[in-house]
Structure formats: C-alpha cells, structure tokens
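Structure file work.txt (compact mmCIF, C-alpha atoms) is printed below.
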```txt
# COMPACT_ATOMS: atom_id res chain seq x y z
CA MET A 239 0.00 0.00 0.00
CA THR A 240 1.49 3.32 -1.07
CA ARG A 241 1.78 6.25 1.28
CA LYS A 242 -0.30 9.34 0.80
CA LYS A 243 1.55 12.55 0.04
CA VAL A 244 2.46 14.48 3.19
CA LYS A 245 1.48 18.14 3.17
CA LEU A 246 4.54 20.24 4.06
CA VAL A 247 3.07 22.63 6.64
CA TYR A 248 3.95 23.49 10.20
CA ILE A 249 2.49 21.06 12.74
CA ALA A 250 0.60 23.14 15.30
CA ASN A 251 0.06 20.39 17.89
CA ASP A 252 3.08 20.17 20.23
CA SER A 253 2.91 16.45 21.00
CA THR A 254 2.36 15.53 17.34
CA ARG A 255 5.22 17.80 16.25
CA LYS A 256 7.60 16.25 18.82
CA ALA A 257 6.70 12.71 17.80
CA THR A 258 7.13 13.60 14.14
CA PHE A 259 10.54 15.16 14.87
CA LYS A 260 11.84 12.02 16.59
CA LYS A 261 10.57 9.82 13.77
CA ARG A 262 12.04 12.02 11.05
CA LYS A 263 15.35 12.32 12.90
CA ARG A 264 15.77 8.55 13.06
CA GLY A 265 14.93 8.27 9.37
CA LEU A 266 17.38 11.04 8.44
CA ILE A 267 20.27 9.47 10.38
CA LYS A 268 19.49 6.08 8.83
CA LYS A 269 19.56 7.57 5.31
CA ILE A 270 22.88 9.34 5.98
CA SER A 271 24.38 6.09 7.25
CA GLU A 272 23.20 4.20 4.16
CA LEU A 273 24.48 6.94 1.86
CA SER A 274 27.91 6.88 3.48
CA THR A 275 28.14 3.07 3.44
CA LEU A 276 26.75 2.36 -0.03
CA CYS A 277 28.41 5.26 -1.86
CA ASP A 278 31.60 5.49 0.24
CA ILE A 279 31.38 9.24 0.78
CA PRO A 280 32.21 11.27 3.90
CA ALA A 281 29.06 12.44 5.65
CA CYS A 282 28.03 13.73 9.04
CA ALA A 283 24.98 15.18 10.76
CA LEU A 284 24.40 17.79 13.48
CA ILE A 285 20.76 18.07 14.51
CA TYR A 286 19.66 20.78 16.94
CA SER A 287 16.18 20.86 18.44
CA GLN A 288 14.16 22.63 21.10
CA TYR A 289 13.48 19.32 22.84
CA GLU A 290 17.11 18.53 23.77
CA SER A 291 19.88 20.70 25.19
CA LEU A 292 22.68 19.01 23.21
CA PRO A 293 22.63 18.34 19.47
CA ASP A 294 22.52 14.86 18.01
CA ILE A 295 25.86 14.04 16.39
CA TRP A 296 26.48 11.37 13.78
CA PRO A 297 28.67 9.36 13.45
CA SER A 298 30.84 10.79 16.27
CA PRO A 299 32.44 14.11 17.31
CA SER A 300 35.75 13.10 15.74
CA GLY A 301 34.00 12.00 12.54
CA VAL A 302 32.19 15.32 12.33
CA GLN A 303 35.46 17.24 12.82
CA ARG A 304 37.10 15.19 10.05
CA VAL A 305 34.31 15.91 7.55
CA ILE A 306 34.22 19.62 8.41
CA SER A 307 38.01 19.93 8.03
CA GLN A 308 37.84 18.22 4.65
CA PHE A 309 35.10 20.62 3.59
CA ARG A 310 37.02 23.71 4.69
CA ASN A 311 40.11 22.60 2.77
CA MET A 312 38.13 22.73 -0.47
CA PRO A 313 38.20 25.91 -2.63
CA GLU A 314 35.49 28.44 -1.82
CA MET A 315 33.91 28.06 -5.24
CA GLU A 316 33.58 24.30 -4.77
CA GLN A 317 32.16 24.77 -1.27
CA GLY A 318 29.17 26.80 -2.45
CA ARG A 319 28.64 25.26 -5.89
CA LYS A 320 26.09 22.70 -4.70
CA MET A 321 25.01 24.31 -1.46
CA PHE A 322 21.31 24.08 -0.74
CA ASN A 323 19.58 26.28 1.84
CA GLN A 324 16.03 27.21 2.80
CA GLU A 325 15.85 30.13 0.36
CA THR A 326 16.87 27.95 -2.58
CA PHE A 327 14.34 25.33 -1.57
CA LEU A 328 11.52 27.88 -1.43
CA ARG A 329 12.50 29.36 -4.79
CA GLN A 330 12.41 25.93 -6.40
CA ARG A 331 9.01 25.26 -4.84
CA ILE A 332 7.68 28.56 -6.22
CA VAL A 333 8.95 27.79 -9.73
CA LYS A 334 7.41 24.33 -9.59
CA ALA A 335 4.08 25.76 -8.40
CA HIS A 336 4.09 28.31 -11.26
CA GLU A 337 4.72 25.55 -13.81
CA GLN A 338 1.90 23.45 -12.35
CA LEU A 339 -0.46 26.46 -12.44
CA LYS A 340 0.47 27.14 -16.06
CA ARG A 341 -0.24 23.50 -16.99
CA LEU A 342 -3.61 23.53 -15.22
CA ARG A 343 -4.61 26.76 -16.93
CA LYS A 344 -3.76 25.28 -20.31
CA GLU A 345 -5.78 22.13 -19.57
CA ASN A 346 -8.77 24.19 -18.42
CA ARG A 347 -8.52 26.38 -21.49
CA GLU A 348 -8.47 23.33 -23.74
CA LYS A 349 -11.57 21.95 -22.04
CA GLU A 350 -13.37 25.27 -22.46
CA VAL A 351 -12.50 25.44 -26.17
CA SER A 352 -13.55 21.82 -26.67
CA ARG A 353 -16.87 22.51 -24.99
CA VAL A 354 -17.54 25.46 -27.30
CA MET A 355 -16.51 23.41 -30.34
CA PHE A 356 -19.02 20.67 -29.54
CA GLN A 357 -21.73 23.21 -28.75
CA THR A 358 -21.27 24.83 -32.17
CA LEU A 359 -22.07 21.46 -33.74
CA THR A 360 -25.54 21.73 -32.22
CA GLY A 361 -26.11 25.05 -33.99
CA ARG A 362 -25.29 27.54 -31.25
CA PRO A 363 -23.87 30.83 -32.62
CA LEU A 364 -20.39 32.16 -31.88
CA GLN A 365 -21.62 35.40 -30.35
CA GLY A 366 -19.66 36.89 -27.47
CA LEU A 367 -16.28 35.39 -28.47
CA ASN A 368 -13.34 37.71 -28.98
CA MET A 369 -10.48 37.25 -31.43
CA ILE A 370 -8.39 35.22 -28.98
CA ASP A 371 -11.29 32.83 -28.38
CA LEU A 372 -11.88 32.40 -32.12
CA ASN A 373 -8.17 31.88 -32.69
CA ASP A 374 -8.02 29.11 -30.10
CA LEU A 375 -11.20 27.55 -31.47
CA GLY A 376 -9.75 27.52 -34.98
CA TRP A 377 -6.50 25.99 -33.68
CA LEU A 378 -8.37 23.19 -31.90
CA ILE A 379 -10.53 22.47 -34.95
CA ASP A 380 -7.41 22.26 -37.13
CA GLN A 381 -5.85 19.80 -34.70
CA ASN A 382 -8.94 17.58 -34.79
CA VAL A 383 -9.09 17.75 -38.60
CA LYS A 384 -5.40 16.83 -38.76
CA GLU A 385 -5.94 13.80 -36.52
CA LEU A 386 -8.91 12.68 -38.60
CA GLY A 387 -6.87 13.07 -41.79
CA GLU A 388 -4.10 10.90 -40.38
CA LYS A 389 -6.61 8.21 -39.38
CA ILE A 390 -8.21 8.28 -42.84
CA LYS A 391 -4.79 8.03 -44.49
CA SER A 392 -3.84 5.09 -42.28
CA LYS A 393 -7.14 3.32 -43.07
CA ARG A 394 -6.68 3.93 -46.82
CA GLU A 395 -3.17 2.45 -46.72
CA GLU A 396 -4.52 -0.55 -44.86
CA LEU A 397 -7.22 -1.12 -47.51
CA LEU A 398 -4.68 -0.74 -50.31
CA ALA A 399 -2.44 -3.31 -48.63
CA GLN A 400 -5.34 -5.75 -48.39
CA ARG A 401 -6.16 -5.14 -52.05
CA SER A 402 -2.56 -5.89 -53.04
CA GLU A 403 -2.67 -9.17 -51.14
CA VAL A 404 -5.84 -10.20 -52.96
CA THR A 405 -4.29 -9.31 -56.34
CA VAL A 406 -1.19 -11.39 -55.64
CA ALA A 407 -3.31 -14.35 -54.54
CA ALA A 408 -5.37 -14.30 -57.80
CA PRO A 409 -4.38 -16.80 -60.62
CA ASN A 410 -2.01 -15.52 -63.31
CA ALA A 411 -3.24 -14.34 -66.70
CA ALA A 412 -1.90 -17.36 -68.62
CA ALA A 413 -4.03 -19.83 -66.67
CA LEU A 414 -7.23 -17.83 -66.88
CA PRO A 415 -8.33 -18.67 -70.48
CA ALA A 416 -7.88 -22.45 -70.02
CA ARG A 417 -9.94 -22.49 -66.84
CA ALA A 418 -12.50 -20.21 -68.40
CA GLY A 419 -12.96 -22.63 -71.27
CA ASP A 420 -13.82 -25.43 -68.87
CA HIS A 421 -16.68 -23.44 -67.43
CA GLY A 422 -17.78 -21.76 -70.63
CA MET A 423 -16.84 -18.26 -69.43
CA ASP A 424 -13.91 -15.85 -69.51
CA LEU A 425 -12.47 -15.09 -66.09
CA ASN A 426 -10.54 -12.17 -67.54
CA MET A 427 -13.86 -10.39 -67.87
CA GLN A 428 -14.48 -10.88 -64.16
CA GLN A 429 -11.21 -9.34 -62.95
CA PRO A 430 -12.12 -5.69 -63.71
CA ALA A 431 -15.47 -6.22 -62.03
CA MET A 432 -13.73 -7.64 -58.96
CA GLU A 433 -11.38 -4.65 -58.82
CA ASN A 434 -14.29 -2.26 -59.14
CA THR A 435 -16.03 -3.86 -56.18
CA MET A 436 -12.90 -3.43 -54.07
CA GLN A 437 -12.67 0.29 -54.75
CA ARG A 438 -14.68 2.39 -52.32
CA PRO A 439 -16.39 5.51 -53.68
CA PRO A 440 -14.86 8.88 -52.79
CA CYS A 441 -16.33 10.48 -49.71
CA PHE A 442 -16.30 13.92 -48.17
CA SER A 443 -13.27 13.08 -46.02
CA ASP A 444 -11.20 12.36 -49.16
CA VAL A 445 -12.06 15.75 -50.54
CA MET A 446 -11.15 17.43 -47.25
CA THR A 447 -7.76 15.70 -46.99
CA SER A 448 -6.87 16.72 -50.54
CA GLN A 449 -7.31 20.40 -49.73
CA GLU A 450 -4.97 22.69 -47.84
CA PRO A 451 -5.68 22.92 -44.06
CA MET A 452 -7.76 25.90 -43.05
CA GLY A 453 -8.04 28.03 -39.93
CA PHE A 454 -5.81 30.10 -37.70
CA GLY A 455 -3.57 27.16 -36.80
CA ALA A 456 -2.70 26.56 -40.45
CA ALA A 457 -1.94 30.20 -41.10
CA GLY A 458 0.27 30.72 -38.08
CA GLY A 459 1.76 27.25 -37.64
CA ASP A 460 3.86 26.90 -34.51
CA ASP A 461 3.93 30.69 -34.05
CA VAL A 462 0.27 30.70 -32.98
CA LEU A 463 -0.12 30.52 -29.22
CA PRO A 464 -2.71 27.80 -28.52
CA PHE A 465 -5.29 28.01 -25.77
CA GLY A 466 -5.13 31.68 -24.90
CA ASP A 467 -2.49 34.30 -24.28
CA GLN A 468 -0.64 34.63 -20.98
CA ASN A 469 -0.79 38.42 -21.19
CA HIS A 470 -4.41 38.55 -22.34
CA PRO A 471 -6.26 35.60 -20.78
CA ALA A 472 -9.76 34.95 -22.02
CA PHE A 473 -12.10 32.79 -19.98
CA TRP A 474 -15.29 33.56 -21.92
CA HIS A 475 -17.33 34.63 -18.91
CA ASN A 476 -19.39 36.95 -21.11
CA SER A 477 -20.03 34.32 -23.74
CA PRO A 478 -23.52 32.76 -24.07
CA PHE A 479 -21.87 29.34 -24.14
CA PHE A 480 -21.26 29.54 -20.39
CA HIS A 481 -24.66 30.88 -19.31
```
Translate the structure described by the file into structure tokens.
Amino acid sequence: MTRKKVKLVYIANDSTRKATFKKRKRGLIKKISELSTLCDIPACALIYSQYESLPDIWPSPSGVQRVISQFRNMPEMEQGRKMFNQETFLRQRIVKAHEQLKRLRKENREKEVSRVMFQTLTGRPLQGLNMIDLNDLGWLIDQNVKELGEKIKSKREELLAQRSEVTVAAPNAAALPARAGDHGMDLNMQQPAMENTMQRPPCFSDVMTSQEPMGFGAAGGDDVLPFGDQNHPAFWHNSPFFH
C-alpha cells in the first residue's frame, strides 16, 4: 500500500510535532548512514532541536570534525557550488508551483474550447467570443481535422495493402483462359469487375484531406499561441456558451 503525500506545513500540535521530529530524525540518520556506506562518501549530521539541550551528532564528534576539516580545505567556489539552503528550496518550490499552475490553466482552457466546439455542432452561434477565443477555437478544430486526416490516411493504406494481397493471390493471366474454357466463361472479364467492387467511392473526407488545411492554426503554424495568451487571458465569462 502506497503512502499518501504528506502536506509540508507546520504542525501546530506540540505532541504531534515532537513525535514527528523524533521519527524524522531517526529516518534522516538512517539515510545518511546508508548513503555513506553504499556510496563510500564522507558524511556527518548535526541536529539541533528545542526538545534537547545538546545536538545529536552522527557518526561521532571526531567524525564530524574530520568531515568539516575536509570541507574547509576545499576551494570556496567548490564549497558553495552545490550548497542548498532554505531560500533555494523555497525558490524551487515557487517555480514548480508556477509551472503546475500554467499547466492547469492550459488544460482548463483546452476543455473550455472543446466545450464550445461541440456546442457549435448543435447550432449555437459564436456570439460573445473575442479574437483570442476564435483563434483558439480555430486551432483546436485544425488539430482535430489533422488527426482525422491521419486516421483516414492510415485506413486507406490498410485497404490498399489488403487489395494488393488479394491481387497477388489471384491466378495468373496465362491460366485464366484455359480455366475459363472449362466453365464456358472468360475469367478475364471478371477481374475488372472484382477490382471495381474493391474500390470504395470517394467520400467527403477524401475531398477534405486533398485540400490545404484551413483556420488560424494553419496560417500561423507553430507561431500561434494555442489556448489563450498569458498576457491577455480569455475565460469567456461573457459568452452565451457559459450561461
């Protein structure tokens, strides 16, 4: 059974915070010991707390002095190159939160545009949408048309491959007249009819795939910003689609 994600907030209850500290301290010392043993690297730990007057030292006072001396003998640039403090941790958390917020906004925007796209299929007008909304709607429609075109192309290639297999499996032209004479008919006359039955009539999707793609996405390509603009967000609150 997997653990649930722990929320990193200050524990207000004193007894719970003290118990959590002791548990986390044992786990931290265990991890440092495993890291030092498995990777053969010098490591030490000094843990101060409000619950004890003296700090917890690992592995020993002499071992801590040896690691600190080795660290101080390093050049200053090497000492701070991989240093990690509370400020750096908080900055990384903020950047990660911004990236997650950006991803969620994009997903929500895509859902909104998809909802409007399906509502337009029922005949609802596009009133109340600004240029950014229409641009995103055109981009999403182009993406769906592109996916459909790829599926149609794949299906057509599959049918052509099956047709080629049937053609190879048919008897050769030299043997057809002799067999036709036995049955009083010419099989060569049947081959064009068989090929005609294997050809499917052109449909609207074939006509669409033969044309150039349309819409804002096709005109702008990768330069078009999909699903809204960061500087000018549009959430369509004034649109009749969301009332």
Gap from CA of Ser352 (chain A) to CA of Gly376 (chain A) - Å, one decimal: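 That distance, rounded to one decimal, is 10.8 Å.
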To one decimal place, how far is CA of Gly366 (chain A) from CA of Leu342 (chain A) in Å?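 Straight-line distance from CA of Gly366 (chain A) to CA of Leu342 (chain A) works out to 24.2 Å.
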Which of A:Ile279, A:Ile390, A:Ile295, A:Ile249 sits closest to Ile267 (chain A) [using only C-alpha atoms]: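 Nearest candidate to Ile267 (chain A) out of A:Ile279, A:Ile390, A:Ile295, A:Ile249: A:Ile295.
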So how far away is CA of Ile332 (chain A) from CA of Leu273 (chain A), in Å?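 Answer for the CA of Leu273 (chain A) to CA of Ile332 (chain A) separation: 28.5 Å.
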The residue from A:Lys334, A:Arg347, A:Arg310, A:Arg304 with the smallest atom-to-atom distance to Asp371 (chain A), counting only C-alpha atoms, is A:Arg347
Neighbours of Gln288 (chain A) within 12 Å (all atoms listed in the file; same-chain residues fewer than 5 positions away dropped), as a list in words?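 Returned residues: Asp252, Arg255, Lys256, Phe259, Lys260, Pro293 and Asp294 of chain A.
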Go ahead and dump the residues you just picked, C-alpha atoms, as a CSV table (one decimal), in the frame of the given file.
```csv
chain,number,residue,atom,x,y,z
A,252,ASP,CA,3.1,20.2,20.2
A,255,ARG,CA,5.2,17.8,16.2
A,256,LYS,CA,7.6,16.2,18.8
A,259,PHE,CA,10.5,15.2,14.9
A,260,LYS,CA,11.8,12.0,16.6
A,293,PRO,CA,22.6,18.3,19.5
A,294,ASP,CA,22.5,14.9,18.0
```
As lines of an AutoDock Vina configuration file, please: the centre and edge lengths in Å, to one decimal, of an axis-aligned box enclosing every listed atom of region 285-304 of chain A with 8 Å added on each side.
```
center_x = 25.3
center_y = 16.0
center_z = 17.6
size_x = 39.6
size_y = 29.3
size_z = 31.1
```
With all atoms listed in the file as the atoms that count, which of A:Asn323, A:Met355, A:Lys393, A:Gln400 lies nearest to Asp380 (chain A)?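 So, comparing all the options, the nearest one is A:Met355.
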Which of these residues is nearest to Gln308 (chain A), using all atoms listed in the file: A:Cys277, A:Cys282, A:Val247, A:Leu292?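 Closest candidate: A:Cys282.
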Would you please work out which residue, of A:Asp374, A:Leu266, A:Tyr289, A:Gly301, is nearest to Lys344 (chain A) when using all atoms listed in the file?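 Going through A:Asp374, A:Leu266, A:Tyr289, A:Gly301 one by one, the smallest distance to Lys344 (chain A) is for A:Asp374.
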Which residue of A:Leu339, A:Phe322, A:Arg262, A:Leu378 approaches Val354 (chain A) most closely, using all atoms listed in the file: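 Using all atoms listed in the file, Val354 (chain A) sits closest to A:Leu378.
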Taking N, CA, C and O atoms as the atom set, what does region 362-381 of chain A look like once completed, written as a PDB file, in the coordinates of the input?
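What follows is the written file selection_10.pdb:
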```pdb
ATOM      1  N   ARG A 362     -25.366  26.333 -32.044  1.00  0.00           N
ATOM      2  CA  ARG A 362     -25.290  27.540 -31.250  1.00  0.00           C
ATOM      3  C   ARG A 362     -24.361  28.547 -31.922  1.00  0.00           C
ATOM      4  O   ARG A 362     -23.293  28.181 -32.417  1.00  0.00           O
ATOM      5  N   PRO A 363     -24.696  29.828 -31.938  1.00  0.00           N
ATOM      6  CA  PRO A 363     -23.870  30.830 -32.620  1.00  0.00           C
ATOM      7  C   PRO A 363     -22.604  31.137 -31.822  1.00  0.00           C
ATOM      8  O   PRO A 363     -22.491  30.814 -30.643  1.00  0.00           O
ATOM      9  N   LEU A 364     -21.657  31.791 -32.493  1.00  0.00           N
ATOM     10  CA  LEU A 364     -20.390  32.160 -31.880  1.00  0.00           C
ATOM     11  C   LEU A 364     -20.412  33.605 -31.388  1.00  0.00           C
ATOM     12  O   LEU A 364     -19.410  34.322 -31.487  1.00  0.00           O
ATOM     13  N   GLN A 365     -21.503  34.035 -30.848  1.00  0.00           N
ATOM     14  CA  GLN A 365     -21.620  35.400 -30.350  1.00  0.00           C
ATOM     15  C   GLN A 365     -20.951  35.517 -28.975  1.00  0.00           C
ATOM     16  O   GLN A 365     -21.010  34.619 -28.162  1.00  0.00           O
ATOM     17  N   GLY A 366     -20.309  36.638 -28.747  1.00  0.00           N
ATOM     18  CA  GLY A 366     -19.660  36.890 -27.470  1.00  0.00           C
ATOM     19  C   GLY A 366     -18.223  36.438 -27.400  1.00  0.00           C
ATOM     20  O   GLY A 366     -17.565  36.612 -26.359  1.00  0.00           O
ATOM     21  N   LEU A 367     -17.660  35.842 -28.465  1.00  0.00           N
ATOM     22  CA  LEU A 367     -16.280  35.390 -28.470  1.00  0.00           C
ATOM     23  C   LEU A 367     -15.394  36.456 -29.082  1.00  0.00           C
ATOM     24  O   LEU A 367     -15.701  36.999 -30.144  1.00  0.00           O
ATOM     25  N   ASN A 368     -14.270  36.746 -28.432  1.00  0.00           N
ATOM     26  CA  ASN A 368     -13.340  37.710 -28.980  1.00  0.00           C
ATOM     27  C   ASN A 368     -12.373  37.025 -29.945  1.00  0.00           C
ATOM     28  O   ASN A 368     -12.488  35.835 -30.230  1.00  0.00           O
ATOM     29  N   MET A 369     -11.390  37.788 -30.420  1.00  0.00           N
ATOM     30  CA  MET A 369     -10.480  37.250 -31.430  1.00  0.00           C
ATOM     31  C   MET A 369      -9.598  36.134 -30.864  1.00  0.00           C
ATOM     32  O   MET A 369      -9.275  35.166 -31.554  1.00  0.00           O
ATOM     33  N   ILE A 370      -9.209  36.266 -29.595  1.00  0.00           N
ATOM     34  CA  ILE A 370      -8.390  35.220 -28.980  1.00  0.00           C
ATOM     35  C   ILE A 370      -9.175  33.915 -28.873  1.00  0.00           C
ATOM     36  O   ILE A 370      -8.652  32.826 -29.134  1.00  0.00           O
ATOM     37  N   ASP A 371     -10.454  34.018 -28.483  1.00  0.00           N
ATOM     38  CA  ASP A 371     -11.290  32.830 -28.380  1.00  0.00           C
ATOM     39  C   ASP A 371     -11.455  32.152 -29.740  1.00  0.00           C
ATOM     40  O   ASP A 371     -11.342  30.932 -29.864  1.00  0.00           O
ATOM     41  N   LEU A 372     -11.715  32.958 -30.777  1.00  0.00           N
ATOM     42  CA  LEU A 372     -11.880  32.400 -32.120  1.00  0.00           C
ATOM     43  C   LEU A 372     -10.578  31.793 -32.623  1.00  0.00           C
ATOM     44  O   LEU A 372     -10.593  30.772 -33.323  1.00  0.00           O
ATOM     45  N   ASN A 373      -9.460  32.422 -32.277  1.00  0.00           N
ATOM     46  CA  ASN A 373      -8.170  31.880 -32.690  1.00  0.00           C
ATOM     47  C   ASN A 373      -7.924  30.517 -32.078  1.00  0.00           C
ATOM     48  O   ASN A 373      -7.500  29.567 -32.745  1.00  0.00           O
ATOM     49  N   ASP A 374      -8.199  30.403 -30.773  1.00  0.00           N
ATOM     50  CA  ASP A 374      -8.020  29.110 -30.100  1.00  0.00           C
ATOM     51  C   ASP A 374      -8.998  28.069 -30.631  1.00  0.00           C
ATOM     52  O   ASP A 374      -8.653  26.886 -30.766  1.00  0.00           O
ATOM     53  N   LEU A 375     -10.215  28.477 -30.922  1.00  0.00           N
ATOM     54  CA  LEU A 375     -11.200  27.550 -31.470  1.00  0.00           C
ATOM     55  C   LEU A 375     -10.764  27.044 -32.839  1.00  0.00           C
ATOM     56  O   LEU A 375     -10.871  25.841 -33.133  1.00  0.00           O
ATOM     57  N   GLY A 376     -10.243  27.950 -33.674  1.00  0.00           N
ATOM     58  CA  GLY A 376      -9.750  27.520 -34.980  1.00  0.00           C
ATOM     59  C   GLY A 376      -8.555  26.588 -34.865  1.00  0.00           C
ATOM     60  O   GLY A 376      -8.429  25.620 -35.622  1.00  0.00           O
ATOM     61  N   TRP A 377      -7.673  26.861 -33.887  1.00  0.00           N
ATOM     62  CA  TRP A 377      -6.500  25.990 -33.680  1.00  0.00           C
ATOM     63  C   TRP A 377      -6.938  24.587 -33.278  1.00  0.00           C
ATOM     64  O   TRP A 377      -6.413  23.592 -33.778  1.00  0.00           O
ATOM     65  N   LEU A 378      -7.903  24.505 -32.360  1.00  0.00           N
ATOM     66  CA  LEU A 378      -8.370  23.190 -31.900  1.00  0.00           C
ATOM     67  C   LEU A 378      -9.072  22.433 -33.023  1.00  0.00           C
ATOM     68  O   LEU A 378      -8.902  21.216 -33.161  1.00  0.00           O
ATOM     69  N   ILE A 379      -9.855  23.118 -33.828  1.00  0.00           N
ATOM     70  CA  ILE A 379     -10.530  22.470 -34.950  1.00  0.00           C
ATOM     71  C   ILE A 379      -9.498  21.927 -35.941  1.00  0.00           C
ATOM     72  O   ILE A 379      -9.626  20.804 -36.452  1.00  0.00           O
ATOM     73  N   ASP A 380      -8.450  22.721 -36.220  1.00  0.00           N
ATOM     74  CA  ASP A 380      -7.410  22.260 -37.130  1.00  0.00           C
ATOM     75  C   ASP A 380      -6.709  21.013 -36.596  1.00  0.00           C
ATOM     76  O   ASP A 380      -6.360  20.100 -37.357  1.00  0.00           O
ATOM     77  N   GLN A 381      -6.492  20.976 -35.276  1.00  0.00           N
ATOM     78  CA  GLN A 381      -5.850  19.800 -34.700  1.00  0.00           C
ATOM     79  C   GLN A 381      -6.730  18.560 -34.843  1.00  0.00           C
ATOM     80  O   GLN A 381      -6.243  17.475 -35.169  1.00  0.00           O
TER      81      GLN A 381
END
```
